[in-house]
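What follows is one structure encoded as structure tokens, with my remarks underneath.
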Amino acid sequence: KITIEGHCCPIGTSEYNMALGWRRANSAQDYLVKLGVKKNQLSTISYGEERLVTTVEAEYWKNRRCEFKSQ
């Protein structure tokens, strides 16, 4: 089983970023399901802006990501 974690940069409100993280993770899940991965093998979670890779504004793109963790 794989958990898809949605992350984002700190631009916007915490609520917006949490929702954006969910959308990002769910989009990745939908893509993998279209490729043939069984949906029951995947789960999603959003961390929003809670787990930043960088706080340097020019590098915010690094925070806009999904991470895949095996359970």
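Residue names in the structure tokens use chain letters A, B, ... in the order shown, residue numbers from 1 in each chain, and ligand numbers from 1 in the order shown.
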Write out as a PyMOL selection string all residues of segment 7-53 of chain A that DSSP puts in helix (DSSP H, G or I) for this structure's backbone.
chain A and resi 14-34+39-41
If we count only C-alpha atoms, what is near His7 of chain A at a cut-off of 9 Å, once residues fewer than 3 positions away on the same chain are taken out, given as a ChimeraX atom specification?
/A:17-18,20-22,24-25,46-52,63-67
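Comparing the minimum interatomic distances between Leu42 of chain A and each of A:Trp61, A:Glu15, A:Cys8, A:Lys69, counting only C-alpha atoms, we find that A:Lys69 sits nearest.
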Quick one: residues within 6 Å of Gln41 of chain A, only C-alpha atoms counted, chain neighbours fewer than 2 positions away excluded, as number ranges by chain?
A: 1, 38-39
Which of A:Ser27, A:Ser43, A:Ser14, A:Thr55 sits closest to Phe68 of chain A [using only C-alpha atoms]
A:Ser43
Please compute the atom CA of Thr3 of chain A-atom CA of Asn26 of chain A distance, one decimal, in Å.
10.7 Å
Here is a test: counting only C-alpha atoms, which residue of A:Arg23, A:Thr13, A:Leu32, A:Thr44 is nearest to Ser70 of chain A?
A:Thr44
